$ cat protein-v5.cif   # mmCIF, C-alpha atoms and all ligand atoms
data_structure
#
loop_
_atom_site.label_atom_id
_atom_site.label_comp_id
_atom_site.auth_asym_id
_atom_site.auth_seq_id
_atom_site.Cartn_x
_atom_site.Cartn_y
_atom_site.Cartn_z
CA MET M 34 -3.27 17.53 15.01
CA LYS M 35 -6.25 15.25 14.35
CA VAL M 36 -6.24 12.82 11.41
CA LEU M 37 -8.82 10.44 9.96
CA VAL M 38 -7.15 7.31 8.56
CA THR M 39 -9.42 5.34 6.23
CA GLY M 40 -8.35 1.73 5.76
CA GLY M 41 -6.34 1.98 8.97
CA ALA M 42 -6.89 -1.72 9.71
CA GLY M 43 -5.17 -2.74 6.47
CA TYR M 44 -1.53 -3.41 5.69
CA ILE M 45 -0.09 0.06 5.08
CA GLY M 46 -2.83 1.88 7.03
CA SER M 47 -2.12 -0.05 10.25
CA HIS M 48 1.58 0.83 10.07
CA MET M 49 0.58 4.47 9.50
CA VAL M 50 -1.64 4.51 12.57
CA LYS M 51 1.27 3.22 14.68
CA LEU M 52 3.57 5.95 13.33
CA LEU M 53 1.01 8.75 13.85
CA LEU M 54 0.29 7.65 17.42
CA ALA M 55 4.02 7.55 18.16
CA SER M 56 4.22 11.19 16.99
CA GLY M 57 1.44 12.19 19.41
CA ILE M 58 -1.20 12.74 16.71
CA ASP M 59 -4.86 12.18 17.52
CA VAL M 60 -6.06 9.37 15.22
CA VAL M 61 -9.51 8.13 14.21
CA VAL M 62 -9.56 5.00 12.05
CA MET M 63 -12.41 4.16 9.71
CA ASP M 64 -12.35 0.73 8.11
CA ASP M 65 -15.13 -1.57 6.91
CA LEU M 66 -12.99 -4.62 7.78
CA SER M 67 -13.55 -6.09 4.30
CA GLY M 68 -9.79 -6.57 4.01
CA GLY M 69 -8.41 -5.25 7.29
CA PHE M 70 -8.26 -6.62 10.82
CA ARG M 71 -9.53 -4.95 13.96
CA ASP M 72 -6.55 -6.20 15.96
CA ALA M 73 -4.12 -4.51 13.54
CA VAL M 74 -5.24 -1.11 14.86
CA VAL M 75 -2.85 -0.47 17.73
CA GLY M 76 -4.61 2.60 19.13
CA GLY M 77 -6.76 5.65 18.50
CA GLU M 78 -10.52 5.61 18.04
CA PHE M 79 -11.94 2.91 15.75
CA VAL M 80 -15.08 3.22 13.65
CA VAL M 81 -16.37 0.35 11.50
CA GLY M 82 -17.67 1.95 8.35
CA ASP M 83 -17.53 2.41 4.62
CA VAL M 84 -15.96 5.59 3.18
CA GLY M 85 -18.88 5.72 0.73
CA ASP M 86 -21.39 6.13 3.57
CA ARG M 87 -21.52 9.92 3.47
CA ALA M 88 -23.79 10.34 6.50
CA GLN M 89 -21.55 8.22 8.70
CA VAL M 90 -18.34 9.89 7.47
CA GLU M 91 -19.86 13.32 8.18
CA ARG M 92 -20.92 12.20 11.66
CA VAL M 93 -17.32 11.17 12.36
CA LEU M 94 -15.82 14.32 10.86
CA ARG M 95 -18.16 16.57 12.86
CA GLN M 96 -17.01 15.01 16.15
CA GLY M 97 -13.86 17.10 16.19
CA ARG M 98 -11.73 19.41 14.08
CA PHE M 99 -9.93 17.15 11.62
CA ASP M 100 -6.88 18.68 9.97
CA SER M 101 -6.36 15.89 7.47
CA ILE M 102 -7.57 12.64 5.98
CA ILE M 103 -5.16 9.91 4.91
CA HIS M 104 -7.10 7.69 2.55
CA PHE M 105 -5.84 4.10 2.28
CA ALA M 106 -9.18 2.28 2.05
CA SER M 107 -9.33 0.66 -1.38
CA PHE M 108 -9.49 -2.64 -3.20
CA ILE M 109 -6.04 -3.51 -4.54
CA GLN M 110 -6.09 -6.54 -6.81
CA VAL M 111 -5.28 -5.65 -10.40
CA GLY M 112 -6.54 -8.96 -11.85
CA GLU M 113 -9.78 -8.82 -9.89
CA SER M 114 -10.35 -5.26 -11.12
CA VAL M 115 -10.27 -6.51 -14.72
CA ALA M 116 -12.84 -9.23 -13.92
CA GLU M 117 -15.02 -7.03 -11.68
CA PRO M 118 -14.54 -3.39 -12.71
CA ALA M 119 -17.82 -2.35 -11.09
CA LYS M 120 -16.50 -3.34 -7.66
CA TYR M 121 -13.41 -1.17 -8.20
CA TYR M 122 -15.15 1.87 -9.64
CA ARG M 123 -17.85 1.74 -6.95
CA ASN M 124 -15.45 1.51 -4.05
CA ASN M 125 -12.21 3.14 -5.19
CA LEU M 126 -13.77 5.91 -7.25
CA THR M 127 -17.38 6.56 -6.16
CA GLY M 128 -16.57 5.79 -2.52
CA THR M 129 -13.64 8.21 -2.61
CA LEU M 130 -15.79 10.91 -4.26
CA SER M 131 -18.30 10.59 -1.45
CA LEU M 132 -15.48 10.79 1.13
CA LEU M 133 -14.12 13.92 -0.58
CA ASP M 134 -17.54 15.58 -0.61
CA ALA M 135 -17.89 14.86 3.10
CA ALA M 136 -14.39 16.29 3.66
CA VAL M 137 -15.25 19.52 1.81
CA ALA M 138 -18.62 19.82 3.59
CA CYS M 139 -16.93 19.40 6.99
CA GLY M 140 -14.07 21.83 6.33
CA VAL M 141 -11.19 19.32 6.14
CA ARG M 142 -8.34 21.08 4.34
CA HIS M 143 -5.75 18.36 3.66
CA PHE M 144 -5.94 14.98 1.96
CA VAL M 145 -3.21 12.37 1.45
CA PHE M 146 -4.08 9.73 -1.12
CA SER M 147 -2.72 6.19 -1.64
CA SER M 148 -2.08 6.11 -5.35
CA SER M 149 -0.10 3.53 -7.26
CA ALA M 150 2.52 2.88 -9.93
CA ALA M 151 -0.40 1.16 -11.72
CA ILE M 152 -1.48 4.59 -13.01
CA PHE M 153 1.45 4.54 -15.46
CA GLY M 154 0.66 1.31 -17.33
CA GLU M 155 3.37 -0.15 -19.54
CA PRO M 156 6.52 1.93 -18.89
CA LYS M 157 7.79 4.02 -21.79
CA PHE M 158 11.06 4.59 -19.93
CA THR M 159 12.54 3.61 -16.59
CA PRO M 160 13.04 4.70 -13.84
CA ILE M 161 9.58 6.25 -13.78
CA ALA M 162 9.42 9.90 -12.72
CA GLU M 163 6.27 11.93 -12.07
CA ASP M 164 6.13 13.23 -15.65
CA HIS M 165 5.94 9.73 -17.16
CA PRO M 166 2.72 9.40 -19.22
CA ALA M 167 -0.16 7.89 -17.24
CA GLN M 168 -1.93 5.20 -19.28
CA PRO M 169 -3.26 2.63 -16.80
CA LEU M 170 -3.94 -0.89 -18.09
CA SER M 171 -6.49 -1.95 -15.46
CA PRO M 172 -9.64 -0.57 -13.81
CA TYR M 173 -7.63 -0.56 -10.57
CA GLY M 174 -4.99 1.73 -12.11
CA PHE M 175 -7.62 3.88 -13.76
CA SER M 176 -9.58 4.27 -10.51
CA LYS M 177 -6.41 5.64 -8.86
CA LEU M 178 -5.65 7.99 -11.75
CA ALA M 179 -9.24 9.25 -11.82
CA VAL M 180 -9.07 10.14 -8.12
CA GLU M 181 -5.79 11.99 -8.72
CA ARG M 182 -7.57 14.05 -11.36
CA VAL M 183 -10.58 14.66 -9.10
CA LEU M 184 -8.22 15.85 -6.36
CA ALA M 185 -6.60 18.41 -8.68
CA ASP M 186 -10.06 19.75 -9.57
CA TYR M 187 -11.22 19.79 -5.92
CA ASP M 188 -8.19 21.88 -4.98
CA ARG M 189 -8.93 24.42 -7.71
CA ALA M 190 -12.66 24.60 -6.94
CA TYR M 191 -12.92 23.94 -3.19
CA GLY M 192 -9.42 24.56 -1.83
CA LEU M 193 -8.92 20.99 -0.61
CA ARG M 194 -5.16 20.52 -0.93
CA SER M 195 -3.72 17.04 -1.44
CA VAL M 196 -0.66 14.90 -1.85
CA CYS M 197 -0.93 11.76 -4.02
CA LEU M 198 1.65 9.10 -3.23
CA ARG M 199 2.21 6.50 -5.93
CA TYR M 200 3.56 3.40 -4.28
CA PHE M 201 5.70 1.00 -6.23
CA ASN M 202 5.89 -2.41 -4.44
CA ALA M 203 5.03 -1.94 -0.76
CA ALA M 204 6.74 -4.68 1.24
CA GLY M 205 8.26 -5.61 4.59
CA ALA M 206 6.76 -5.27 8.04
CA ASP M 207 6.95 -3.21 11.21
CA PRO M 208 10.62 -3.34 12.34
CA GLU M 209 9.39 -3.92 15.92
CA GLY M 210 7.46 -7.02 14.78
CA LEU M 211 4.03 -5.78 15.89
CA LEU M 212 2.41 -5.53 12.44
CA GLY M 213 2.80 -7.01 8.98
CA GLU M 214 1.15 -7.93 5.70
CA ARG M 215 -2.06 -9.96 6.08
CA HIS M 216 -4.02 -10.09 2.85
CA GLU M 217 -6.60 -12.86 2.51
CA PRO M 218 -6.20 -14.22 -0.10
CA GLU M 219 -2.53 -13.27 -0.31
CA THR M 220 -1.40 -12.39 -3.84
CA HIS M 221 1.85 -10.53 -3.20
CA LEU M 222 5.22 -11.99 -3.98
CA ILE M 223 7.20 -11.64 -0.75
CA PRO M 224 4.57 -13.04 1.66
CA LEU M 225 3.85 -15.90 -0.76
CA ILE M 226 7.55 -16.79 -0.97
CA LEU M 227 7.85 -16.72 2.81
CA ARG M 228 4.72 -18.84 3.29
CA ALA M 229 6.40 -21.49 1.11
CA ALA M 230 9.75 -21.32 2.96
CA GLY M 231 10.65 -24.67 4.50
CA VAL M 232 7.26 -26.18 3.58
CA SER M 233 8.03 -29.18 1.37
CA SER M 234 4.45 -29.48 0.10
CA ALA M 235 4.30 -25.80 -0.96
CA HIS M 236 5.83 -23.87 -3.83
CA VAL M 237 5.88 -20.34 -5.10
CA LYS M 238 4.86 -19.72 -8.69
CA VAL M 239 7.08 -17.49 -10.81
CA PHE M 240 4.78 -15.69 -13.22
CA GLY M 241 6.85 -15.80 -16.40
CA ASP M 242 10.59 -16.29 -16.97
CA ASP M 243 10.68 -15.11 -20.57
CA TYR M 244 10.57 -11.33 -20.00
CA ARG M 245 13.25 -9.11 -21.51
CA THR M 246 15.09 -8.73 -18.21
CA PRO M 247 18.54 -10.08 -17.19
CA ASP M 248 17.14 -13.36 -15.77
CA GLY M 249 13.81 -13.40 -17.62
CA THR M 250 11.66 -12.66 -14.53
CA CYS M 251 9.88 -9.38 -13.73
CA VAL M 252 11.78 -6.60 -12.02
CA ARG M 253 10.11 -4.51 -9.30
CA ASP M 254 11.04 -1.74 -6.88
CA TYR M 255 10.31 -2.99 -3.34
CA VAL M 256 9.85 -0.25 -0.76
CA HIS M 257 9.53 -0.78 2.99
CA VAL M 258 6.09 -0.13 4.45
CA THR M 259 7.56 1.98 7.28
CA ASP M 260 9.40 4.16 4.76
CA LEU M 261 6.12 4.62 2.87
CA CYS M 262 4.49 5.72 6.12
CA GLN M 263 7.30 8.22 6.74
CA ALA M 264 6.50 9.72 3.33
CA HIS M 265 2.86 10.17 4.44
CA ALA M 266 3.99 11.93 7.62
CA LEU M 267 6.15 14.23 5.48
CA ALA M 268 3.18 14.80 3.17
CA LEU M 269 1.11 15.97 6.16
CA ASP M 270 3.94 18.40 7.03
CA TRP M 271 4.03 19.58 3.43
CA LEU M 272 0.35 20.43 3.51
CA GLU M 273 0.66 22.06 6.97
CA ARG M 274 3.39 24.29 5.49
CA LYS M 275 0.81 25.46 2.94
CA LYS M 276 2.65 23.90 -0.01
CA PRO M 277 0.68 23.20 -3.20
CA SER M 278 -1.08 19.97 -4.15
CA VAL M 279 1.36 17.52 -5.66
CA ALA M 280 2.00 13.85 -6.56
CA PHE M 281 5.13 11.85 -5.78
CA ASN M 282 6.44 8.46 -6.91
CA LEU M 283 7.70 6.33 -4.02
CA GLY M 284 10.26 3.59 -4.47
CA ASN M 285 13.91 2.90 -3.67
CA GLY M 286 15.05 3.33 -7.26
CA SER M 287 16.54 -0.15 -7.57
CA GLY M 288 14.85 -3.08 -9.21
CA PHE M 289 14.98 -6.73 -8.15
CA SER M 290 13.81 -9.66 -10.23
CA VAL M 291 11.43 -12.31 -8.91
CA ASN M 292 14.36 -14.77 -8.90
CA GLU M 293 16.50 -12.32 -6.92
CA VAL M 294 13.74 -11.93 -4.33
CA ILE M 295 13.51 -15.72 -4.00
CA ALA M 296 17.30 -15.99 -3.61
CA THR M 297 17.22 -13.27 -0.92
CA ALA M 298 14.43 -15.11 0.92
CA ARG M 299 16.45 -18.36 0.84
CA ARG M 300 19.41 -16.50 2.41
CA VAL M 301 17.31 -14.73 5.04
CA THR M 302 15.28 -17.78 6.09
CA ASN M 303 18.04 -20.32 5.54
CA LEU M 304 15.28 -22.65 4.35
CA PRO M 305 14.55 -24.35 1.02
CA ILE M 306 11.83 -22.72 -1.11
CA ASN M 307 10.23 -24.70 -3.93
CA VAL M 308 9.64 -22.80 -7.14
CA GLN M 309 7.50 -23.53 -10.19
CA VAL M 310 7.61 -21.44 -13.34
CA ALA M 311 4.10 -20.52 -14.45
CA ALA M 312 2.55 -18.45 -17.24
CA ARG M 313 2.89 -14.68 -17.23
CA ARG M 314 0.23 -12.82 -15.24
CA THR M 315 -1.88 -10.56 -17.45
CA GLY M 316 -0.97 -6.89 -17.23
CA ASP M 317 2.45 -7.32 -15.62
CA PRO M 318 5.04 -4.99 -17.16
CA ALA M 319 8.59 -6.41 -17.32
CA VAL M 320 10.20 -3.65 -15.26
CA LEU M 321 8.74 -1.12 -12.80
CA VAL M 322 11.28 1.06 -11.01
CA ALA M 323 10.59 4.47 -9.47
CA ASP M 324 12.49 7.69 -9.83
CA SER M 325 11.80 9.19 -6.39
CA ALA M 326 14.15 12.16 -6.69
CA ALA M 327 11.22 14.58 -6.29
CA ALA M 328 10.02 13.03 -3.00
CA ARG M 329 13.58 13.06 -1.68
CA ARG M 330 14.18 16.64 -2.74
CA ASP M 331 10.81 18.24 -1.91
CA LEU M 332 9.53 16.17 1.00
CA GLY M 333 12.98 15.36 2.40
CA TRP M 334 12.06 11.67 2.18
CA ALA M 335 15.01 9.41 3.05
CA PRO M 336 14.07 5.70 3.09
CA GLN M 337 15.68 4.03 6.09
CA TYR M 338 15.11 0.37 5.24
CA ASP M 339 16.20 0.44 1.62
CA SER M 340 17.91 -2.94 1.35
CA LEU M 341 15.91 -5.89 0.03
CA GLU M 342 17.58 -8.05 2.68
CA THR M 343 16.12 -5.89 5.49
CA ILE M 344 12.69 -5.78 3.86
CA VAL M 345 12.60 -9.58 3.57
CA GLN M 346 14.04 -9.98 7.10
CA HIS M 347 11.21 -7.90 8.60
CA ALA M 348 8.60 -9.76 6.54
CA TRP M 349 10.10 -13.06 7.72
CA THR M 350 9.86 -12.06 11.40
CA TRP M 351 6.15 -11.37 10.76
CA GLU M 352 5.63 -14.64 8.87
CA LYS M 353 7.14 -16.62 11.76
CA LYS M 354 4.71 -14.88 14.11
CA ARG M 355 1.81 -15.76 11.75
CA ARG M 356 2.87 -19.41 11.76
CA GLN M 357 3.08 -19.45 15.56
CA ASP M 358 -0.40 -17.88 15.80
CA LEU M 359 -1.78 -20.60 13.51
CA ILE M 360 -0.20 -23.30 15.70
CA ASN M 361 -1.57 -21.68 18.87
CA ARG M 362 -5.03 -21.33 17.36
CA SER M 363 -5.20 -24.95 16.21
CA ALA M 364 -3.88 -26.07 19.63
CA GLY M 365 -6.70 -24.03 21.22
CA ILE M 366 -9.28 -25.67 18.96
CA THR M 367 -7.90 -29.15 19.72
CA LYS M 368 -8.06 -28.40 23.46
CA LYS M 369 -11.71 -27.32 23.19
CA ILE M 370 -12.63 -30.52 21.31
N1 LIG M 401 4.75 -12.67 -8.74
C1 LIG M 401 5.09 -14.00 -8.97
N2 LIG M 401 4.44 -14.96 -8.27
C2 LIG M 401 3.47 -14.68 -7.34
C3 LIG M 401 3.14 -13.33 -7.10
C4 LIG M 401 3.79 -12.35 -7.82
O1 LIG M 401 5.95 -14.28 -9.80
O2 LIG M 401 2.92 -15.62 -6.75
C5 LIG M 401 5.45 -11.60 -9.48
C6 LIG M 401 4.53 -10.68 -10.26
O3 LIG M 401 4.34 -11.19 -11.56
C7 LIG M 401 5.31 -9.37 -10.24
C8 LIG M 401 6.08 -9.42 -8.92
O4 LIG M 401 6.10 -10.79 -8.53
O5 LIG M 401 6.25 -9.33 -11.29
C9 LIG M 401 5.43 -8.60 -7.82
O6 LIG M 401 4.05 -8.94 -7.77
P1 LIG M 401 3.09 -8.47 -6.59
O7 LIG M 401 1.77 -9.11 -6.84
O8 LIG M 401 3.76 -8.73 -5.28
O9 LIG M 401 3.02 -6.90 -6.76
P2 LIG M 401 2.60 -6.00 -8.05
O10 LIG M 401 3.85 -5.82 -8.85
O11 LIG M 401 1.51 -6.70 -8.77
O12 LIG M 401 2.15 -4.73 -7.41
#

$ encode --input "protein-v5.cif" --output "structure tokens" --more "lines below"
Ligand code: UDP
Amino acid sequence: MKVLVTGGAGYIGSHMVKLLLASGIDVVVMDDLSGGFRDAVVGGEFVVGDVGDRAQVERVLRQGRFDSIIHFASFIQVGESVAEPAKYYRNNLTGTLSLLDAAVACGVRHFVFSSSAAIFGEPKFTPIAEDHPAQPLSPYGFSKLAVERVLADYDRAYGLRSVCLRYFNAAGADPEGLLGERHEPETHLIPLILRAAGVSSAHVKVFGDDYRTPDGTCVRDYVHVTDLCQAHALALDWLERKKPSVAFNLGNGSGFSVNEVIATARRVTNLPINVQVAARRTGDPAVLVADSAAARRDLGWAPQYDSLETIVQHAWTWEKKRRQDLINRSAGITKKI
């Protein structure tokens, strides 16, 4: 099997590339390195490029017979998408349309799409199953929902079958310690907590403690990045078995508050973590928890790393490596001077 992974130098994409290679799949990565890192791609062929560059995508796709595309490449900051919707619609929507047109033109039959819980907007009920109304609150969420709709139409018209995977809160790191989360700037809760661990001059901000939740802080469903990647591998199988286009919600089905995540990080790191309560972040629903019964039943998805403790432990191993790299780099610079 040959697979094109867009955004394969990013957080989830790089873990996916590792998993595909371990299964003996031929992988080509395309990433424009706007958010990813070349050294996060552990193997396969690497092409620097933008998914919206139709000529380049077609050149890549015509190099061999690609069975599938797994499309991770996307901008991911909800707040930024409100301030700069053009950036999100251009990349996440127009760029994806161009990629899809190239896929159809080159005879690719299967497409796995990184969608998001952000398509649902403010939850009407929880846990959130696939039939929950989709009313996104941000351009980011709307760009994901629009692509889901486009994919349904492209299946009907052009026979391109797809699986949309709506991630809840992707977290954790490669259990073997080779890869992890590296967003610059970092906006996600778990890496920010761990960056503050044991650093007396740093603190983590808690965005709101007056939500209608048991401890007043937001509740989220954290799902291990490797488990998410397993779901993509199962989605490829699903499409190979000629099953219909479908969308699945991916989470562990249990919610943890921001305060609970901080408490878990204190236990795992055994270090003090300073906290400051700050204002609510715009667009944050109080509770987001997935009902993933459909993915478990239909795909046979069985998350392996479903305890928050394990997720934070793996993220902490990665954070310690990041700190060591920073020390080594500054030691190298000092030596040069
Ligand atoms: N959060 C927080 N402080 C931070 C970053 C995030 O309190 O510095 C909260 C945020 O309001 C949300 C949860 O942590 O309730 C998870 O946020 P994250 O940005 O990691 O993921 P999202 O839920 O936006 O996908």

$ closest_residue --input "protein-v5.cif" --among "M:Ser56, M:Ser278, M:Asn307, M:Thr343" --to "Gly192 in chain M" --atoms "all atoms listed in the file"
M:Ser278

$ residues_near_ligand --input "protein-v5.cif" --ligand "ligand LIG 401 (chain M)" --cutoff "10 Å" --atoms "only C-alpha atoms and all ligand atoms" --output "ChimeraX atom specification"
/M:109-112,149-151,200-204,219-226,236-242,244,250-255,289-292,294-295,308-321

$ closest_residue --input "protein-v5.cif" --among "M:Ser107, M:Ser147, M:Ser234, M:Thr350" --to "Ala264 in chain M" --atoms "all atoms listed in the file"
M:Ser147

$ atom_distance --input "protein-v5.cif" --atom1 "CA of Ile344 in chain M" --atom2 "CA of Arg199 in chain M"
18.9 Å

$ residues_around --input "protein-v5.cif" --residues "range 139-144 of chain M" --least-positions-apart "5" --cutoff "8 Å" --atoms "all atoms listed in the file" --output "ChimeraX atom specification"
/M:91,94-95,98-104,192-196,269,272

$ closest_residue --input "protein-v5.cif" --among "M:Ser325, M:Ser47, M:Asn303, M:Ser131" --to "Gln89 in chain M" --atoms "all atoms listed in the file"
M:Ser131

$ closest_residue --input "protein-v5.cif" --among "M:Leu332, M:Ala280, M:Leu130, M:Leu227" --to "Lys353 in chain M" --atoms "only C-alpha atoms"
M:Leu227

$ closest_residue --input "protein-v5.cif" --among "M:Ala298, M:Ile45, M:Val137, M:Leu52" --to "Tyr191 in chain M" --atoms "all atoms listed in the file"
M:Val137

$ atom_distance --input "protein-v5.cif" --atom1 "CA of Ser148 in chain M" --atom2 "CA of Lys177 in chain M"
5.6 Å

$ residues_around --input "protein-v5.cif" --residues "Asp324 in chain M" --least-positions-apart "2" --cutoff "12 Å" --atoms "all atoms listed in the file" --output "number ranges by chain"
M: 150, 158-165, 199-201, 254, 281-288, 321-322, 326-330

$ build_atoms --input "protein-v5.cif" --residues "range 251-271 of chain M" --atoms "N, CA, C and O atoms" --output "PDB file, in the frame of the given file"
ATOM      1  N   CYS M 251      10.254 -10.805 -13.857  1.00  0.00           N
ATOM      2  CA  CYS M 251       9.880  -9.380 -13.730  1.00  0.00           C
ATOM      3  C   CYS M 251      10.700  -8.667 -12.655  1.00  0.00           C
ATOM      4  O   CYS M 251      10.976  -9.227 -11.592  1.00  0.00           O
ATOM      5  N   VAL M 252      10.995  -7.419 -12.942  1.00  0.00           N
ATOM      6  CA  VAL M 252      11.780  -6.600 -12.020  1.00  0.00           C
ATOM      7  C   VAL M 252      10.873  -5.553 -11.375  1.00  0.00           C
ATOM      8  O   VAL M 252      10.106  -4.877 -12.063  1.00  0.00           O
ATOM      9  N   ARG M 253      10.949  -5.464 -10.045  1.00  0.00           N
ATOM     10  CA  ARG M 253      10.110  -4.510  -9.300  1.00  0.00           C
ATOM     11  C   ARG M 253      10.949  -3.747  -8.280  1.00  0.00           C
ATOM     12  O   ARG M 253      11.997  -4.215  -7.848  1.00  0.00           O
ATOM     13  N   ASP M 254      10.390  -2.609  -7.850  1.00  0.00           N
ATOM     14  CA  ASP M 254      11.040  -1.740  -6.880  1.00  0.00           C
ATOM     15  C   ASP M 254      10.326  -1.922  -5.534  1.00  0.00           C
ATOM     16  O   ASP M 254       9.217  -1.421  -5.338  1.00  0.00           O
ATOM     17  N   TYR M 255      10.947  -2.675  -4.636  1.00  0.00           N
ATOM     18  CA  TYR M 255      10.310  -2.990  -3.340  1.00  0.00           C
ATOM     19  C   TYR M 255      10.660  -1.893  -2.336  1.00  0.00           C
ATOM     20  O   TYR M 255      11.825  -1.558  -2.167  1.00  0.00           O
ATOM     21  N   VAL M 256       9.629  -1.358  -1.692  1.00  0.00           N
ATOM     22  CA  VAL M 256       9.850  -0.250  -0.760  1.00  0.00           C
ATOM     23  C   VAL M 256       9.215  -0.609   0.584  1.00  0.00           C
ATOM     24  O   VAL M 256       8.096  -1.130   0.637  1.00  0.00           O
ATOM     25  N   HIS M 257       9.959  -0.359   1.650  1.00  0.00           N
ATOM     26  CA  HIS M 257       9.530  -0.780   2.990  1.00  0.00           C
ATOM     27  C   HIS M 257       8.305   0.001   3.445  1.00  0.00           C
ATOM     28  O   HIS M 257       8.242   1.220   3.308  1.00  0.00           O
ATOM     29  N   VAL M 258       7.357  -0.726   4.025  1.00  0.00           N
ATOM     30  CA  VAL M 258       6.090  -0.130   4.450  1.00  0.00           C
ATOM     31  C   VAL M 258       6.316   1.024   5.440  1.00  0.00           C
ATOM     32  O   VAL M 258       5.617   2.044   5.390  1.00  0.00           O
ATOM     33  N   THR M 259       7.297   0.901   6.308  1.00  0.00           N
ATOM     34  CA  THR M 259       7.560   1.980   7.280  1.00  0.00           C
ATOM     35  C   THR M 259       8.108   3.217   6.574  1.00  0.00           C
ATOM     36  O   THR M 259       7.795   4.352   6.952  1.00  0.00           O
ATOM     37  N   ASP M 260       8.917   3.008   5.539  1.00  0.00           N
ATOM     38  CA  ASP M 260       9.400   4.160   4.760  1.00  0.00           C
ATOM     39  C   ASP M 260       8.240   4.831   4.024  1.00  0.00           C
ATOM     40  O   ASP M 260       8.193   6.066   3.926  1.00  0.00           O
ATOM     41  N   LEU M 261       7.306   4.023   3.515  1.00  0.00           N
ATOM     42  CA  LEU M 261       6.120   4.620   2.870  1.00  0.00           C
ATOM     43  C   LEU M 261       5.362   5.481   3.886  1.00  0.00           C
ATOM     44  O   LEU M 261       4.918   6.593   3.571  1.00  0.00           O
ATOM     45  N   CYS M 262       5.227   4.969   5.091  1.00  0.00           N
ATOM     46  CA  CYS M 262       4.490   5.720   6.120  1.00  0.00           C
ATOM     47  C   CYS M 262       5.212   7.019   6.456  1.00  0.00           C
ATOM     48  O   CYS M 262       4.571   8.057   6.663  1.00  0.00           O
ATOM     49  N   GLN M 263       6.540   6.976   6.503  1.00  0.00           N
ATOM     50  CA  GLN M 263       7.300   8.220   6.740  1.00  0.00           C
ATOM     51  C   GLN M 263       6.980   9.244   5.663  1.00  0.00           C
ATOM     52  O   GLN M 263       6.849  10.439   5.944  1.00  0.00           O
ATOM     53  N   ALA M 264       6.827   8.784   4.425  1.00  0.00           N
ATOM     54  CA  ALA M 264       6.500   9.720   3.330  1.00  0.00           C
ATOM     55  C   ALA M 264       5.128  10.356   3.574  1.00  0.00           C
ATOM     56  O   ALA M 264       4.929  11.540   3.284  1.00  0.00           O
ATOM     57  N   HIS M 265       4.179   9.589   4.134  1.00  0.00           N
ATOM     58  CA  HIS M 265       2.860  10.170   4.440  1.00  0.00           C
ATOM     59  C   HIS M 265       2.973  11.228   5.527  1.00  0.00           C
ATOM     60  O   HIS M 265       2.306  12.263   5.470  1.00  0.00           O
ATOM     61  N   ALA M 266       3.810  10.950   6.533  1.00  0.00           N
ATOM     62  CA  ALA M 266       3.990  11.930   7.620  1.00  0.00           C
ATOM     63  C   ALA M 266       4.591  13.210   7.033  1.00  0.00           C
ATOM     64  O   ALA M 266       4.174  14.327   7.391  1.00  0.00           O
ATOM     65  N   LEU M 267       5.545  13.052   6.121  1.00  0.00           N
ATOM     66  CA  LEU M 267       6.150  14.230   5.480  1.00  0.00           C
ATOM     67  C   LEU M 267       5.137  14.949   4.588  1.00  0.00           C
ATOM     68  O   LEU M 267       5.172  16.181   4.464  1.00  0.00           O
ATOM     69  N   ALA M 268       4.222  14.191   3.996  1.00  0.00           N
ATOM     70  CA  ALA M 268       3.180  14.800   3.170  1.00  0.00           C
ATOM     71  C   ALA M 268       2.243  15.655   4.039  1.00  0.00           C
ATOM     72  O   ALA M 268       1.810  16.739   3.628  1.00  0.00           O
ATOM     73  N   LEU M 269       1.941  15.170   5.238  1.00  0.00           N
ATOM     74  CA  LEU M 269       1.110  15.970   6.160  1.00  0.00           C
ATOM     75  C   LEU M 269       1.830  17.286   6.488  1.00  0.00           C
ATOM     76  O   LEU M 269       1.224  18.364   6.491  1.00  0.00           O
ATOM     77  N   ASP M 270       3.140  17.187   6.758  1.00  0.00           N
ATOM     78  CA  ASP M 270       3.940  18.400   7.030  1.00  0.00           C
ATOM     79  C   ASP M 270       3.893  19.359   5.850  1.00  0.00           C
ATOM     80  O   ASP M 270       3.757  20.568   6.015  1.00  0.00           O
ATOM     81  N   TRP M 271       4.040  18.803   4.667  1.00  0.00           N
ATOM     82  CA  TRP M 271       4.030  19.580   3.430  1.00  0.00           C
ATOM     83  C   TRP M 271       2.747  20.412   3.342  1.00  0.00           C
ATOM     84  O   TRP M 271       2.767  21.612   3.076  1.00  0.00           O
TER      85      TRP M 271
END
